[in-house]
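J.: Sharing a structure here in structure tokens format.
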There are 2 protein chains.
Amino acid sequence: MESLVGIATPALHLDRERLNKNARRLLNRAQQLGVGLRPHLKTLKSIDVARIAIDPRHGGIAAATLNEAHYFATHGLSDIQLAVCLPPTKFARAADIHKLAPRFSFFIDSVEVAHAAAGFSRSAGIALSAWIEIETGGQRTGVLPDSAELVAIAGALKDGAQLAGVATHAGQSYGDNQVEQIVAIAEQERSSVVAAAERLRAAGFEVPGVSAGSTPTTTHARSAAGLTEWRAGVYLAGDLYQAAIGSMQLEDVALDVVASVISHRRERRLIVIDAGGLALSKDRSTAQLAGRDGGYGLVTDLSGRPVFGALHVRGVHQEHGEIHGVTDAQFDALPIGARVRVVPNHACMTAAMYGEYLVTDGGLDIAARWPRTNGWG
Amino acid sequence: MESLVGIATPALHLDRERLNKNARRLLNRAQQLGVGLRPHLKTLKSIDVARIAIDPRHGGIAAATLNEAHYFATHGLSDIQLAVCLPPTKFARAADIHKLAPRFSFFIDSVEVAHAAAGFSRSAGIALSAWIEIETGGQRTGVLPDSAELVAIAGALKDGAQLAGVATHAGQSYGDNQVEQIVAIAEQERSSVVAAAERLRAAGFEVPGVSAGSTPTTTHARSAAGLTEWRAGVYLAGDLYQAAIGSMQLEDVALDVVASVISHRRERRLIVIDAGGLALSKDRSTAQLAGRDGGYGLVTDLSGRPVFGALHVRGVHQEHGEIHGVTDAQFDALPIGARVRVVPNHACMTAAMYGEYLVTDGGLDIAARWPRTNGWG
């Protein structure tokens with residue numbers, strides 16, 4: 001059997017035991033709170049992962065690009081929510097996916113696009129299905145739950161397209177928060193999107209779906225009342241950032257980069273590895289977390305254990321990662337050619353650099369290679 | 001003819017006129033200074049680009065990964081310098097490339113690896129060819145020009161492998177420098193690597209190649225005496241960072257991302273586009289340049305003109321790019337669905353997210369689609 005010990009580096013490793021555990025943990029929480037779970041596959045972009053993560057009580061997934069949506073549709077999934085606003089210029093591609101995946105849907109946040117979706121649907125003889133995105137503090141896309149636009153969008157859509165529901169993502173839950181703050185954000189996310197649904201219902205619209213979530217808010221929410229589904233993604237893989245903000249334990253992180261030591265500069269207490277800015281990404285999200293700056297990733301030995309204390313990649317060039325302040329014992333433990341694992345800051349960004357996962361079941365043996373999709377197309 | 005106006009976004013656009021001009025500019029400088037030019041294809045990773053960039057007086061290229069080297073070897077290039085130190089665990093793959101590209105070479109910076117290269121060469125019945133990497137201020141890999149290691153590595157290599165020469169890259173030239181400082185760094189880079197070559201020659205070694213360079217130092221160097229070749233890469237594409245530090249004019253940047261407007265949040269003076277952290281990369285290199293922080297990229301209209309003043313992508317999520325402080329005139333000029341161009345901070349990082357270039361000749365018509373290679377494999 002192939003092993004991590006012999007692979008070409010850098011490579012992307014996924015620990016299936018941890019993935020299963022992470023998937024189960026949120027499925028159980030969702031079940032306890034009586035809400036469906038729509039796993040967001042934007043992080044791992046793999047049908048093999050989707051099969052593990054899908055909630056059998058729900059059946060759907062979320063995606064972040066038309067390419068991902070098309071990929072999952074060609075793999076037989078039907079309920080695919082593209083959780084990003086689409087401009088009308090993308091409706092033709094959306095209609096192609098709709099033909100493969102009858103429950104394909106996407107986000108909108110303007111009356112103008114709602115009109116266009118209705119008009120396109122009438123011309124094409126299909127009913128595009130759209131979620132009205134609600135802004136609940138993330139300050140990105142979406143309309144406010146008490147805005148006039150909300151009802152106007154639903155009205156415009158009705159004229160040919162379908163209203164899938166209302167949906168939100170409280171992106172501010174990714175800030176440097178204490179658990180009690182995340183609990184409060186989760187409650188704001190929930191109550192605001194439910195209020196939007198109630199307003200639409202009071203105005204006479206049918207609102208089948210009420211969708212909310214993020215990894216931090218679904219991890220800590222105390223209630224899912226009024227929601228039909230949660231949406232979260234990075235919980236499946238985890239990363240340094242999610243471990244640092246308390247969404248999971250560090251030892252539950254399922255994704256890392258396997259890299260090789262390529263240079264020892266003992267005179268500068270420097271080890272250089274072959275995973276740099278491309279292999280790890282330039283995400284520096286943990287830098288904003290006081291006292292928890294993980295550099296460009298946490299370095300362990302190939303078994304995932306620390307190497308005589310915590311080592312981080314603190315500098316990157318395109319294909320070089322720099323580990324500074326290396327002790328003699330660490331140099332001896334990591335000779336040139338030695339393979340290490342690097343737990344990244346942000347799984348979504350790092351995974352996107354690779355075409356496949358080397359899948360293990362906790363050890364070093366490679367049990368499978370799972371392809372992933374990338375790009376936009 | 002296909003046009004940028006109708007394409008799916010985000011997509012990677014390469015202006016061939018500017019590419020040609022950038023390629024010629026450095027070829028002319030190299031010729032004037034009497035040095036060969038080895039274009040580094042780590043930025044653009046495309047055989048079509050290689051054909052434009054290769055110096056007919058030299059013939060070689062540089063690459064940063066075994067995958068790139070293999071790709072160029074399968075496209076018939078012979079002189080490929082992998083400008084990164086390889087551990088012995090990668091020699092088997094190197095030997096495979098060597099069979100396709102007889103002048104394939106790579107970097108080393110330790111006696112231990114030099115011994116391994118010689119031993120591998122003897123066993124495999126080929127002569128691996130290695131450049132000794134010299135540290136000339138970049139503080140990454142490489143041995144000091146006056147170190148005992150330098151001569152010891154050459155001695156160890158000789159026992160079966162080939163010494164291609166000495167090579168360096170003054171990475172510190174990418175700092176926030178004035179032109180006079182870059183001139184000084186270029187001179188230090190040149191004189192140090194030439195000194196290393198002279199030391200080896202004095203010790204009785206043949207040193208065929210003396211290789212140095214970076215985009216800033218080759219742009220500003222006053223002398224190339226003693227060098228056999230320059231090596232530079234990002235000059236071909238350019239980016240906000242290179243324009244900001246004076247390696248080129250902004251209007252010479254040949255690479256950008258075509259994106260679509262997906263949301264107007266007039267109440268927050270926000271336009272959201274479909275190019276976020278993945279489509280642009282999370283590189284923030286211009287943030288360290290006082291007064292020249294380009295956010296995640298400079299936004300222009302589809303023709304490359306500013307939209308009523310400078311707009312930047314100032315925030316990103318995975319698939320969302322945020323343009324803040326938008327005026328009414330800018331909202332009107334960029335309706336939902338409008339396509340824009342985003343000039344990235346760092347071409348090497350951004351281009352790596354795409355599988356192909358949409359090539360234009362300065363206008364909007366797409367003259368070609370050029371594939372590029374990615375990953376490590």
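Going through the structure tokens in order, the chains are called A, B, and so on, while each chain numbers its residues from 1 and the ligands are numbered from 1 in the order shown.
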Go through chain A residue by residue and, counting only C-alpha atoms, keep those with an atom at most 9 Å from chain B; for each kept residue give the shortest atom pair and its distance in Å to one decimal, ordered by chain and increasing number, as JSON lines.
T.:
```
{"residue": "A:Gly6", "atom": "CA", "partner": "B:Thr89", "partner_atom": "CA", "distance": 8.5}
{"residue": "A:Ala8", "atom": "CA", "partner": "B:Gly377", "partner_atom": "CA", "distance": 6.8}
{"residue": "A:Thr9", "atom": "CA", "partner": "B:Trp376", "partner_atom": "CA", "distance": 7.2}
{"residue": "A:Pro10", "atom": "CA", "partner": "B:Trp376", "partner_atom": "CA", "distance": 6.7}
{"residue": "A:Ala11", "atom": "CA", "partner": "B:Trp376", "partner_atom": "CA", "distance": 7.8}
{"residue": "A:Lys42", "atom": "CA", "partner": "B:Gln318", "partner_atom": "CA", "distance": 8.6}
{"residue": "A:Ala64", "atom": "CA", "partner": "B:Glu319", "partner_atom": "CA", "distance": 6.8}
{"residue": "A:Thr65", "atom": "CA", "partner": "B:Glu319", "partner_atom": "CA", "distance": 7.7}
{"residue": "A:Val84", "atom": "CA", "partner": "B:Glu319", "partner_atom": "CA", "distance": 7.9}
{"residue": "A:Cys85", "atom": "CA", "partner": "B:Ile262", "partner_atom": "CA", "distance": 6.0}
{"residue": "A:Leu86", "atom": "CA", "partner": "B:Ile262", "partner_atom": "CA", "distance": 5.9}
{"residue": "A:Pro87", "atom": "CA", "partner": "B:Gly337", "partner_atom": "CA", "distance": 5.0}
{"residue": "A:Pro88", "atom": "CA", "partner": "B:Gly337", "partner_atom": "CA", "distance": 6.5}
{"residue": "A:Thr89", "atom": "CA", "partner": "B:Gly337", "partner_atom": "CA", "distance": 5.9}
{"residue": "A:Lys90", "atom": "CA", "partner": "B:Ala8", "partner_atom": "CA", "distance": 7.7}
{"residue": "A:Ile108", "atom": "CA", "partner": "B:Ser263", "partner_atom": "CA", "distance": 8.4}
{"residue": "A:Asp109", "atom": "CA", "partner": "B:Ser263", "partner_atom": "CA", "distance": 7.1}
{"residue": "A:Ser110", "atom": "CA", "partner": "B:Ser263", "partner_atom": "CA", "distance": 7.7}
{"residue": "A:Glu112", "atom": "CA", "partner": "B:Ile336", "partner_atom": "CA", "distance": 8.7}
{"residue": "A:Val113", "atom": "CA", "partner": "B:Ile336", "partner_atom": "CA", "distance": 8.1}
{"residue": "A:Gln139", "atom": "CA", "partner": "B:Arg268", "partner_atom": "CA", "distance": 8.4}
{"residue": "A:Arg140", "atom": "CA", "partner": "B:Val272", "partner_atom": "CA", "distance": 7.6}
{"residue": "A:Thr141", "atom": "CA", "partner": "B:Ser263", "partner_atom": "CA", "distance": 6.5}
{"residue": "A:Gly142", "atom": "CA", "partner": "B:Arg265", "partner_atom": "CA", "distance": 8.1}
{"residue": "A:Val143", "atom": "CA", "partner": "B:Arg265", "partner_atom": "CA", "distance": 8.3}
{"residue": "A:Ser260", "atom": "CA", "partner": "B:Pro87", "partner_atom": "CA", "distance": 7.8}
{"residue": "A:Val261", "atom": "CA", "partner": "B:Pro87", "partner_atom": "CA", "distance": 7.3}
{"residue": "A:Ile262", "atom": "CA", "partner": "B:Pro87", "partner_atom": "CA", "distance": 5.3}
{"residue": "A:Ser263", "atom": "CA", "partner": "B:Thr141", "partner_atom": "CA", "distance": 6.5}
{"residue": "A:His264", "atom": "CA", "partner": "B:Thr141", "partner_atom": "CA", "distance": 8.0}
{"residue": "A:Arg265", "atom": "CA", "partner": "B:Thr141", "partner_atom": "CA", "distance": 7.1}
{"residue": "A:Arg268", "atom": "CA", "partner": "B:Gln139", "partner_atom": "CA", "distance": 8.4}
{"residue": "A:Leu270", "atom": "CA", "partner": "B:Arg140", "partner_atom": "CA", "distance": 8.3}
{"residue": "A:Ile271", "atom": "CA", "partner": "B:Thr141", "partner_atom": "CA", "distance": 8.9}
{"residue": "A:Val272", "atom": "CA", "partner": "B:Thr141", "partner_atom": "CA", "distance": 7.2}
{"residue": "A:Asp274", "atom": "CA", "partner": "B:Val84", "partner_atom": "CA", "distance": 8.7}
{"residue": "A:Gly277", "atom": "CA", "partner": "B:Met349", "partner_atom": "CA", "distance": 7.6}
{"residue": "A:Leu278", "atom": "CA", "partner": "B:Met349", "partner_atom": "CA", "distance": 6.6}
{"residue": "A:Ala279", "atom": "CA", "partner": "B:Gly375", "partner_atom": "CA", "distance": 8.3}
{"residue": "A:Ser281", "atom": "CA", "partner": "B:Lys282", "partner_atom": "CA", "distance": 7.4}
{"residue": "A:Lys282", "atom": "CA", "partner": "B:Lys282", "partner_atom": "CA", "distance": 5.4}
{"residue": "A:Asp283", "atom": "CA", "partner": "B:Lys282", "partner_atom": "CA", "distance": 5.6}
{"residue": "A:Arg284", "atom": "CA", "partner": "B:Lys282", "partner_atom": "CA", "distance": 8.2}
{"residue": "A:Gln318", "atom": "CA", "partner": "B:Met349", "partner_atom": "CA", "distance": 7.6}
{"residue": "A:Glu319", "atom": "CA", "partner": "B:Ala64", "partner_atom": "CA", "distance": 6.8}
{"residue": "A:His320", "atom": "CA", "partner": "B:Val84", "partner_atom": "CA", "distance": 8.3}
{"residue": "A:Glu322", "atom": "CA", "partner": "B:Arg140", "partner_atom": "CA", "distance": 7.7}
{"residue": "A:Ile336", "atom": "CA", "partner": "B:Pro87", "partner_atom": "CA", "distance": 6.1}
{"residue": "A:Gly337", "atom": "CA", "partner": "B:Pro87", "partner_atom": "CA", "distance": 5.1}
{"residue": "A:Ala338", "atom": "CA", "partner": "B:Thr89", "partner_atom": "CA", "distance": 8.8}
{"residue": "A:Cys348", "atom": "CA", "partner": "B:Gln318", "partner_atom": "CA", "distance": 7.6}
{"residue": "A:Met349", "atom": "CA", "partner": "B:Leu278", "partner_atom": "CA", "distance": 6.6}
{"residue": "A:Ala352", "atom": "CA", "partner": "B:Leu278", "partner_atom": "CA", "distance": 7.7}
{"residue": "A:Met353", "atom": "CA", "partner": "B:Gly375", "partner_atom": "CA", "distance": 6.9}
{"residue": "A:Tyr354", "atom": "CA", "partner": "B:Gly375", "partner_atom": "CA", "distance": 6.4}
{"residue": "A:Gly355", "atom": "CA", "partner": "B:Gly375", "partner_atom": "CA", "distance": 7.8}
{"residue": "A:Asn374", "atom": "CA", "partner": "B:Met353", "partner_atom": "CA", "distance": 8.4}
{"residue": "A:Gly375", "atom": "CA", "partner": "B:Tyr354", "partner_atom": "CA", "distance": 6.4}
{"residue": "A:Trp376", "atom": "CA", "partner": "B:Pro10", "partner_atom": "CA", "distance": 6.7}
{"residue": "A:Gly377", "atom": "CA", "partner": "B:Ala8", "partner_atom": "CA", "distance": 6.9}
```
J.: Do a neighbour search on segment 305-310 of chain B at 9 Å with only C-alpha atoms, toss out local chain neighbours closer than 4 positions, and write the hits as a compact mmCIF listing (two decimals) with all heavy atoms, in the first residue's frame.
T.:
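Saved result, out.txt, follows:
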```
# COMPACT_ATOMS: atom_id res chain seq x y z
N LEU B 298 -6.30 46.35 -8.30
CA LEU B 298 -6.80 47.61 -8.86
C LEU B 298 -7.88 47.30 -9.89
O LEU B 298 -7.67 46.49 -10.79
CB LEU B 298 -5.63 48.35 -9.54
CG LEU B 298 -5.98 49.60 -10.34
CD1 LEU B 298 -6.44 50.73 -9.40
CD2 LEU B 298 -4.78 50.05 -11.17
N VAL B 299 -9.03 47.95 -9.74
CA VAL B 299 -10.17 47.67 -10.61
C VAL B 299 -10.23 48.69 -11.74
O VAL B 299 -10.17 49.90 -11.49
CB VAL B 299 -11.48 47.73 -9.80
CG1 VAL B 299 -12.69 47.44 -10.69
CG2 VAL B 299 -11.42 46.76 -8.62
N THR B 300 -10.37 48.19 -12.96
CA THR B 300 -10.59 49.08 -14.11
C THR B 300 -11.82 48.59 -14.86
O THR B 300 -12.36 47.53 -14.56
CB THR B 300 -9.39 49.06 -15.07
OG1 THR B 300 -9.35 47.78 -15.73
CG2 THR B 300 -8.08 49.30 -14.36
N ASP B 301 -12.23 49.36 -15.85
CA ASP B 301 -13.30 48.84 -16.70
C ASP B 301 -12.72 47.77 -17.63
O ASP B 301 -11.52 47.47 -17.58
CB ASP B 301 -14.03 49.97 -17.44
CG ASP B 301 -13.19 50.62 -18.54
OD1 ASP B 301 -12.14 50.06 -18.94
OD2 ASP B 301 -13.58 51.70 -19.01
N THR B 327 -18.84 55.64 -5.70
CA THR B 327 -19.67 56.83 -5.94
C THR B 327 -20.87 56.47 -6.82
O THR B 327 -20.87 55.42 -7.48
CB THR B 327 -18.86 57.92 -6.66
OG1 THR B 327 -18.52 57.42 -7.97
CG2 THR B 327 -17.58 58.27 -5.91
N ALA B 329 -21.65 57.75 -9.63
CA ALA B 329 -21.20 57.64 -11.03
C ALA B 329 -20.56 56.27 -11.27
O ALA B 329 -20.74 55.66 -12.33
CB ALA B 329 -20.19 58.74 -11.34
N GLN B 330 -19.85 55.78 -10.28
CA GLN B 330 -19.22 54.46 -10.43
C GLN B 330 -20.27 53.34 -10.41
O GLN B 330 -20.18 52.38 -11.18
CB GLN B 330 -18.17 54.25 -9.33
CG GLN B 330 -16.93 55.14 -9.56
CD GLN B 330 -16.02 55.24 -8.34
OE1 GLN B 330 -16.46 55.09 -7.19
NE2 GLN B 330 -14.75 55.52 -8.59
N ALA B 333 -21.75 53.30 -13.78
CA ALA B 333 -20.85 52.80 -14.81
C ALA B 333 -20.66 51.28 -14.71
O ALA B 333 -20.25 50.64 -15.68
CB ALA B 333 -19.49 53.49 -14.69
N LEU B 334 -20.94 50.73 -13.54
CA LEU B 334 -20.69 49.30 -13.30
C LEU B 334 -21.96 48.61 -12.81
O LEU B 334 -22.04 48.19 -11.65
CB LEU B 334 -19.57 49.13 -12.27
CG LEU B 334 -18.19 49.70 -12.64
CD1 LEU B 334 -17.21 49.55 -11.48
CD2 LEU B 334 -17.63 49.02 -13.89
```
J.: Interatomic distance between atom CA of Val234 of chain B and atom CA of Ala170 of chain B?
T.: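 Atom-to-atom, atom CA of Val234 of chain B and atom CA of Ala170 of chain B are spaced 14.3 Å apart.
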J.: Atom CA of Leu27 of chain B and atom CA of Pro39 of chain B are how many Å apart?
T.: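 Pair atom CA of Leu27 of chain B / atom CA of Pro39 of chain B returns 9.4 Å.
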J.: When distances are computed from only C-alpha atoms, which of B:His169, B:Arg199, B:His220, B:His58 shows the smallest separation from Gln181 of chain B?
T.: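 Using only C-alpha atoms, the shortest distance to Gln181 of chain B belongs to B:His220.
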J.: With distances taken over only C-alpha atoms, which of B:Val179, B:Leu150, B:Ile80, B:Ala23 is nearest to Arg51 of chain B?
T.: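 Once distances to Arg51 of chain B are computed over only C-alpha atoms, the minimum belongs to B:Ala23.
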J.: Please identify the strand (DSSP E) residues within segment 92-316 of chain A (assignment by DSSP from backbone atoms) and present them as a ChimeraX atom specification.
T.: /A:105-108,129-134,162-168,209-212,229-232,255-265,270-273,298-301,311-312,315-316
J.: Write out as a list of chain:residue names the residues lying within 8 Å of Ile185 of chain A, counting only C-alpha atoms and excluding same-chain residues fewer than 3 positions away.
T.: A:Ala170, A:Gln172, A:Ser173, A:Gln181, A:Ile182, A:Gln188, A:Glu189, A:Thr217
J.: Convert the current residue selection to file output with N, CA, C and O atoms, as a CSV table (one decimal), in the first residue's frame.
T.:
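File produced: out39.csv:
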```csv
chain,number,residue,atom,x,y,z
A,170,ALA,N,-23.7,34.8,8.6
A,170,ALA,CA,-23.2,35.8,9.4
A,170,ALA,C,-21.7,35.7,9.4
A,170,ALA,O,-21.1,35.2,10.3
A,172,GLN,N,-19.5,37.7,10.1
A,172,GLN,CA,-18.8,38.3,11.3
A,172,GLN,C,-18.5,37.3,12.4
A,172,GLN,O,-17.7,37.6,13.3
A,173,SER,N,-19.1,36.1,12.3
A,173,SER,CA,-18.8,35.1,13.3
A,173,SER,C,-17.4,34.6,13.2
A,173,SER,O,-16.9,33.9,14.1
A,181,GLN,N,-19.9,35.6,22.5
A,181,GLN,CA,-20.2,36.4,21.3
A,181,GLN,C,-20.7,35.7,20.1
A,181,GLN,O,-21.6,36.1,19.4
A,182,ILE,N,-20.1,34.5,19.9
A,182,ILE,CA,-20.5,33.7,18.7
A,182,ILE,C,-22.0,33.2,19.0
A,182,ILE,O,-22.8,33.2,18.1
A,188,GLN,N,-28.5,36.2,16.4
A,188,GLN,CA,-28.9,37.3,15.5
A,188,GLN,C,-29.1,36.8,14.1
A,188,GLN,O,-30.0,37.2,13.4
A,189,GLU,N,-28.2,35.9,13.7
A,189,GLU,CA,-28.3,35.3,12.3
A,189,GLU,C,-29.6,34.6,12.2
A,189,GLU,O,-30.4,34.8,11.2
A,217,THR,N,-21.1,29.7,13.9
A,217,THR,CA,-22.5,29.8,14.4
A,217,THR,C,-23.2,28.4,14.6
A,217,THR,O,-23.9,28.2,15.6
```
J.: Can you list, as an NGL selection string, every protein, DNA or RNA residue that comes within 9 Å of segment 362-372 of chain A when you count only C-alpha atoms, leaving out same-chain residues fewer than 6 positions away?
T.: :A and (1-5 or 15-18 or 44-49 or 302-303 or 351-352 or 354-356)
J.: When DSSP is applied to the backbone of this structure, which of segment 41-197 of chain B are assigned helix (DSSP H, G or I)? Write them out as a PyMOL selection string.
T.: chain B and resi 47-53+66-74+88-100+111-124+148-157+171-174+179-197
